[in-house]
Amino acid sequence: MKPETAKNIGIKKALQSATIGILIALLFMILLAGGSFQWMFDWNYWINILIGIGIFYGLAYWFGKNAGYEILIKKKDSDKVRAKYGFLTLIITAFLVGWTGFVQEGMEPYDTFWDSFEDYIFKPFFWITLIGFLPAILVGIVFGKWIKKK
């Protein structure tokens, strides 16, 4: 198999996995909100969600390419590769998405830098990582198996 083919397989499967991950996250948030999409608009989260989805897909593309190459060309252990890239995608997305809220609202005149950092960077990172850890691992397992099958 050529390296470019392996990378393309990884990209395709990673983007499919990202879509599954996004749907799981949205379903979880809808369940927390009592079955309604209204929370996105009432709290003005839609821009954060769109930016998060863009970051998530961008990282899935990048890491998927690497995962495809490592699994299919370098013959690395697919369990370790998928866990590594699944978790990296989750934590990097969680960290970067927090900056959206921080820039939008975080530096109000009545807030200190550290209060805003805690509210808009640390807390979302903590909760997204904590809640998203298990789904990221499960989707990562499926992702690695899809690549290996090709």
# chains A, B, ... in the order shown; residues from 1 in each chain; ligands from 1
>>> closest_atom_pairs(of="region 9-72 of chain A", to="region 85-97 of chain A", cutoff="8 Å", atoms="only C-alpha atoms", output="tab-separated table")
residue	atom	partner	partner_atom	distance
A:Asn48	CA	A:Val97	CA	6.6
A:Ile51	CA	A:Val97	CA	6.9
A:Gly52	CA	A:Val97	CA	5.4
A:Ile55	CA	A:Thr93	CA	6.1
A:Phe56	CA	A:Thr93	CA	5.8
A:Leu59	CA	A:Thr89	CA	5.9
A:Ala60	CA	A:Thr89	CA	6.7
A:Phe63	CA	A:Tyr85	CA	6.1
A:Gly64	CA	A:Tyr85	CA	7.8
A:Ala67	CA	A:Tyr85	CA	7.2
>>> write_last_selection(atoms="N, CA, C and O atoms", output="PDB file, in the first residue's frame")
ATOM      1  N   ASN A  48     -19.836  29.188  19.351  1.00  0.00           N
ATOM      2  CA  ASN A  48     -18.847  28.322  19.986  1.00  0.00           C
ATOM      3  C   ASN A  48     -18.932  26.904  19.425  1.00  0.00           C
ATOM      4  O   ASN A  48     -17.903  26.256  19.204  1.00  0.00           O
ATOM      5  N   ILE A  51     -17.498  26.835  15.833  1.00  0.00           N
ATOM      6  CA  ILE A  51     -16.033  26.893  15.882  1.00  0.00           C
ATOM      7  C   ILE A  51     -15.478  25.566  16.394  1.00  0.00           C
ATOM      8  O   ILE A  51     -14.500  25.042  15.854  1.00  0.00           O
ATOM      9  N   GLY A  52     -16.113  24.997  17.408  1.00  0.00           N
ATOM     10  CA  GLY A  52     -15.686  23.708  17.937  1.00  0.00           C
ATOM     11  C   GLY A  52     -15.766  22.605  16.904  1.00  0.00           C
ATOM     12  O   GLY A  52     -14.859  21.768  16.792  1.00  0.00           O
ATOM     13  N   ILE A  55     -12.870  23.084  14.466  1.00  0.00           N
ATOM     14  CA  ILE A  55     -11.609  22.636  15.076  1.00  0.00           C
ATOM     15  C   ILE A  55     -11.573  21.110  15.128  1.00  0.00           C
ATOM     16  O   ILE A  55     -10.563  20.483  14.788  1.00  0.00           O
ATOM     17  N   PHE A  56     -12.676  20.520  15.527  1.00  0.00           N
ATOM     18  CA  PHE A  56     -12.760  19.060  15.663  1.00  0.00           C
ATOM     19  C   PHE A  56     -12.504  18.372  14.318  1.00  0.00           C
ATOM     20  O   PHE A  56     -11.720  17.423  14.239  1.00  0.00           O
ATOM     21  N   LEU A  59      -8.782  18.836  13.260  1.00  0.00           N
ATOM     22  CA  LEU A  59      -7.900  17.915  13.973  1.00  0.00           C
ATOM     23  C   LEU A  59      -8.120  16.472  13.532  1.00  0.00           C
ATOM     24  O   LEU A  59      -7.162  15.694  13.432  1.00  0.00           O
ATOM     25  N   ALA A  60      -9.373  16.105  13.268  1.00  0.00           N
ATOM     26  CA  ALA A  60      -9.653  14.751  12.783  1.00  0.00           C
ATOM     27  C   ALA A  60      -8.952  14.513  11.447  1.00  0.00           C
ATOM     28  O   ALA A  60      -8.373  13.445  11.211  1.00  0.00           O
ATOM     29  N   PHE A  63      -5.012  14.352  12.337  1.00  0.00           N
ATOM     30  CA  PHE A  63      -4.655  13.152  13.077  1.00  0.00           C
ATOM     31  C   PHE A  63      -5.057  11.883  12.334  1.00  0.00           C
ATOM     32  O   PHE A  63      -4.405  10.844  12.478  1.00  0.00           O
ATOM     33  N   GLY A  64      -6.134  11.942  11.567  1.00  0.00           N
ATOM     34  CA  GLY A  64      -6.539  10.780  10.769  1.00  0.00           C
ATOM     35  C   GLY A  64      -5.495  10.414   9.745  1.00  0.00           C
ATOM     36  O   GLY A  64      -5.202   9.235   9.524  1.00  0.00           O
ATOM     37  N   ALA A  67      -2.750   8.794  11.678  1.00  0.00           N
ATOM     38  CA  ALA A  67      -3.150   7.475  12.174  1.00  0.00           C
ATOM     39  C   ALA A  67      -3.158   6.451  11.040  1.00  0.00           C
ATOM     40  O   ALA A  67      -2.686   5.323  11.218  1.00  0.00           O
TER      41      ALA A  67
END
>>> residues_around(residues="Glu118 (chain A)", least_positions_apart="5", cutoff="12 Å", atoms="only C-alpha atoms", output="PyMOL selection string")
chain A and resi 95+98-99+101-102+106-107+111-113+123-126
>>> residues_around(residues="region 27-41 of chain A", least_positions_apart="6", cutoff="10 Å", atoms="only C-alpha atoms", output="PDB file with C-alpha atoms, in the first residue's frame")
ATOM      1  CA  GLY A  21     -18.403  12.114  18.086  1.00  0.00           C
ATOM      2  CA  ILE A  47     -20.901  30.300  17.455  1.00  0.00           C
ATOM      3  CA  ASN A  48     -18.847  28.322  19.986  1.00  0.00           C
ATOM      4  CA  ILE A  49     -20.349  25.093  18.689  1.00  0.00           C
ATOM      5  CA  ILE A 131     -17.501  13.688  29.901  1.00  0.00           C
ATOM      6  CA  GLY A 132     -15.961  13.133  26.464  1.00  0.00           C
TER       7      GLY A 132
END
>>> select_by_dssp(residues="chain A", states="alpha helix (DSSP H)", output="PyMOL selection string")
chain A and resi 3-32+38-42+46-72+78-101+113-117+123-149
>>> write_last_selection(atoms="C-alpha atoms", output="compact mmCIF listing (two decimals), in the first residue's frame")
# COMPACT_ATOMS: atom_id res chain seq x y z
CA PRO A 3 1.60 6.03 1.99
CA GLU A 4 -0.86 8.44 0.32
CA THR A 5 -3.52 5.72 0.16
CA ALA A 6 -3.03 4.93 3.84
CA LYS A 7 -3.30 8.62 4.74
CA ASN A 8 -6.47 9.04 2.66
CA ILE A 9 -8.05 6.02 4.36
CA GLY A 10 -7.15 7.50 7.74
CA ILE A 11 -8.60 10.89 6.82
CA LYS A 12 -11.86 9.39 5.58
CA LYS A 13 -12.36 7.21 8.64
CA ALA A 14 -11.34 10.00 11.03
CA LEU A 15 -13.88 12.40 9.53
CA GLN A 16 -16.56 9.73 9.86
CA SER A 17 -15.52 9.19 13.48
CA ALA A 18 -15.59 12.95 14.12
CA THR A 19 -19.15 13.08 12.83
CA ILE A 20 -20.14 10.31 15.22
CA GLY A 21 -18.40 12.11 18.09
CA ILE A 22 -20.16 15.38 17.31
CA LEU A 23 -23.54 13.66 17.18
CA ILE A 24 -22.86 11.98 20.54
CA ALA A 25 -21.88 15.34 22.08
CA LEU A 26 -24.97 17.12 20.70
CA LEU A 27 -27.22 14.30 21.88
CA PHE A 28 -25.69 14.51 25.35
CA MET A 29 -26.20 18.28 25.50
CA ILE A 30 -29.79 17.96 24.28
CA LEU A 31 -30.47 15.39 26.99
CA LEU A 32 -28.96 17.70 29.62
CA GLN A 38 -33.09 25.98 22.53
CA TRP A 39 -30.08 26.16 24.89
CA MET A 40 -27.78 26.86 21.91
CA PHE A 41 -29.67 30.01 21.04
CA ASP A 42 -30.77 31.16 24.50
CA TRP A 46 -24.07 28.43 18.49
CA ILE A 47 -20.90 30.30 17.46
CA ASN A 48 -18.85 28.32 19.99
CA ILE A 49 -20.35 25.09 18.69
CA LEU A 50 -19.63 25.97 15.06
CA ILE A 51 -16.03 26.89 15.88
CA GLY A 52 -15.69 23.71 17.94
CA ILE A 53 -16.99 21.60 15.07
CA GLY A 54 -14.51 23.27 12.70
CA ILE A 55 -11.61 22.64 15.08
CA PHE A 56 -12.76 19.06 15.66
CA TYR A 57 -12.94 18.28 11.94
CA GLY A 58 -9.60 19.99 11.30
CA LEU A 59 -7.90 17.92 13.97
CA ALA A 60 -9.65 14.75 12.78
CA TYR A 61 -8.29 15.40 9.29
CA TRP A 62 -4.76 15.98 10.54
CA PHE A 63 -4.65 13.15 13.08
CA GLY A 64 -6.54 10.78 10.77
CA LYS A 65 -3.86 11.20 8.15
CA ASN A 66 -1.20 10.41 10.73
CA ALA A 67 -3.15 7.48 12.17
CA GLY A 68 -3.69 5.92 8.75
CA TYR A 69 0.01 6.15 8.01
CA GLU A 70 1.05 4.77 11.40
CA ILE A 71 -1.42 1.86 11.36
CA LEU A 72 -1.20 0.80 7.73
CA SER A 78 -3.74 0.28 16.25
CA ASP A 79 -5.07 0.29 19.83
CA LYS A 80 -2.35 2.68 20.98
CA VAL A 81 -2.54 4.85 17.87
CA ARG A 82 -6.30 5.30 18.00
CA ALA A 83 -6.28 5.99 21.75
CA LYS A 84 -3.51 8.56 21.31
CA TYR A 85 -5.17 10.45 18.46
CA GLY A 86 -8.70 10.16 19.83
CA PHE A 87 -7.67 11.64 23.16
CA LEU A 88 -5.48 14.32 21.55
CA THR A 89 -8.36 15.40 19.33
CA LEU A 90 -10.65 15.67 22.35
CA ILE A 91 -8.34 17.63 24.63
CA ILE A 92 -7.02 20.02 21.96
CA THR A 93 -10.56 20.77 20.78
CA ALA A 94 -11.73 21.27 24.37
CA PHE A 95 -8.88 23.68 25.08
CA LEU A 96 -9.24 25.71 21.87
CA VAL A 97 -13.03 26.01 22.04
CA GLY A 98 -12.78 27.64 25.46
CA TRP A 99 -10.84 30.51 23.94
CA THR A 100 -13.87 31.44 21.85
CA GLY A 101 -15.90 32.28 24.95
CA PHE A 113 -7.91 37.48 33.97
CA TRP A 114 -7.80 34.39 36.18
CA ASP A 115 -11.56 34.41 36.83
CA SER A 116 -12.20 34.58 33.10
CA PHE A 117 -9.57 31.93 32.40
CA LYS A 123 -14.03 24.66 33.29
CA PRO A 124 -15.04 23.80 29.70
CA PHE A 125 -11.76 21.92 29.22
CA PHE A 126 -12.33 19.96 32.43
CA TRP A 127 -15.94 19.03 31.70
CA ILE A 128 -15.47 18.27 28.01
CA THR A 129 -12.49 16.07 28.82
CA LEU A 130 -14.22 14.32 31.71
CA ILE A 131 -17.50 13.69 29.90
CA GLY A 132 -15.96 13.13 26.46
CA PHE A 133 -13.23 10.72 27.55
CA LEU A 134 -15.31 7.55 27.30
CA PRO A 135 -17.05 8.42 24.00
CA ALA A 136 -13.68 9.46 22.53
CA ILE A 137 -12.16 6.11 23.46
CA LEU A 138 -15.14 4.16 22.12
CA VAL A 139 -15.23 6.07 18.83
CA GLY A 140 -11.43 5.75 18.65
CA ILE A 141 -11.71 1.97 18.95
CA VAL A 142 -14.16 1.84 16.06
CA PHE A 143 -12.00 4.27 14.07
CA GLY A 144 -8.88 2.12 14.46
CA LYS A 145 -10.74 -1.01 13.43
CA TRP A 146 -12.10 0.71 10.32
CA ILE A 147 -8.59 1.69 9.26
CA LYS A 148 -7.19 -1.77 9.99
CA LYS A 149 -9.89 -3.40 7.84
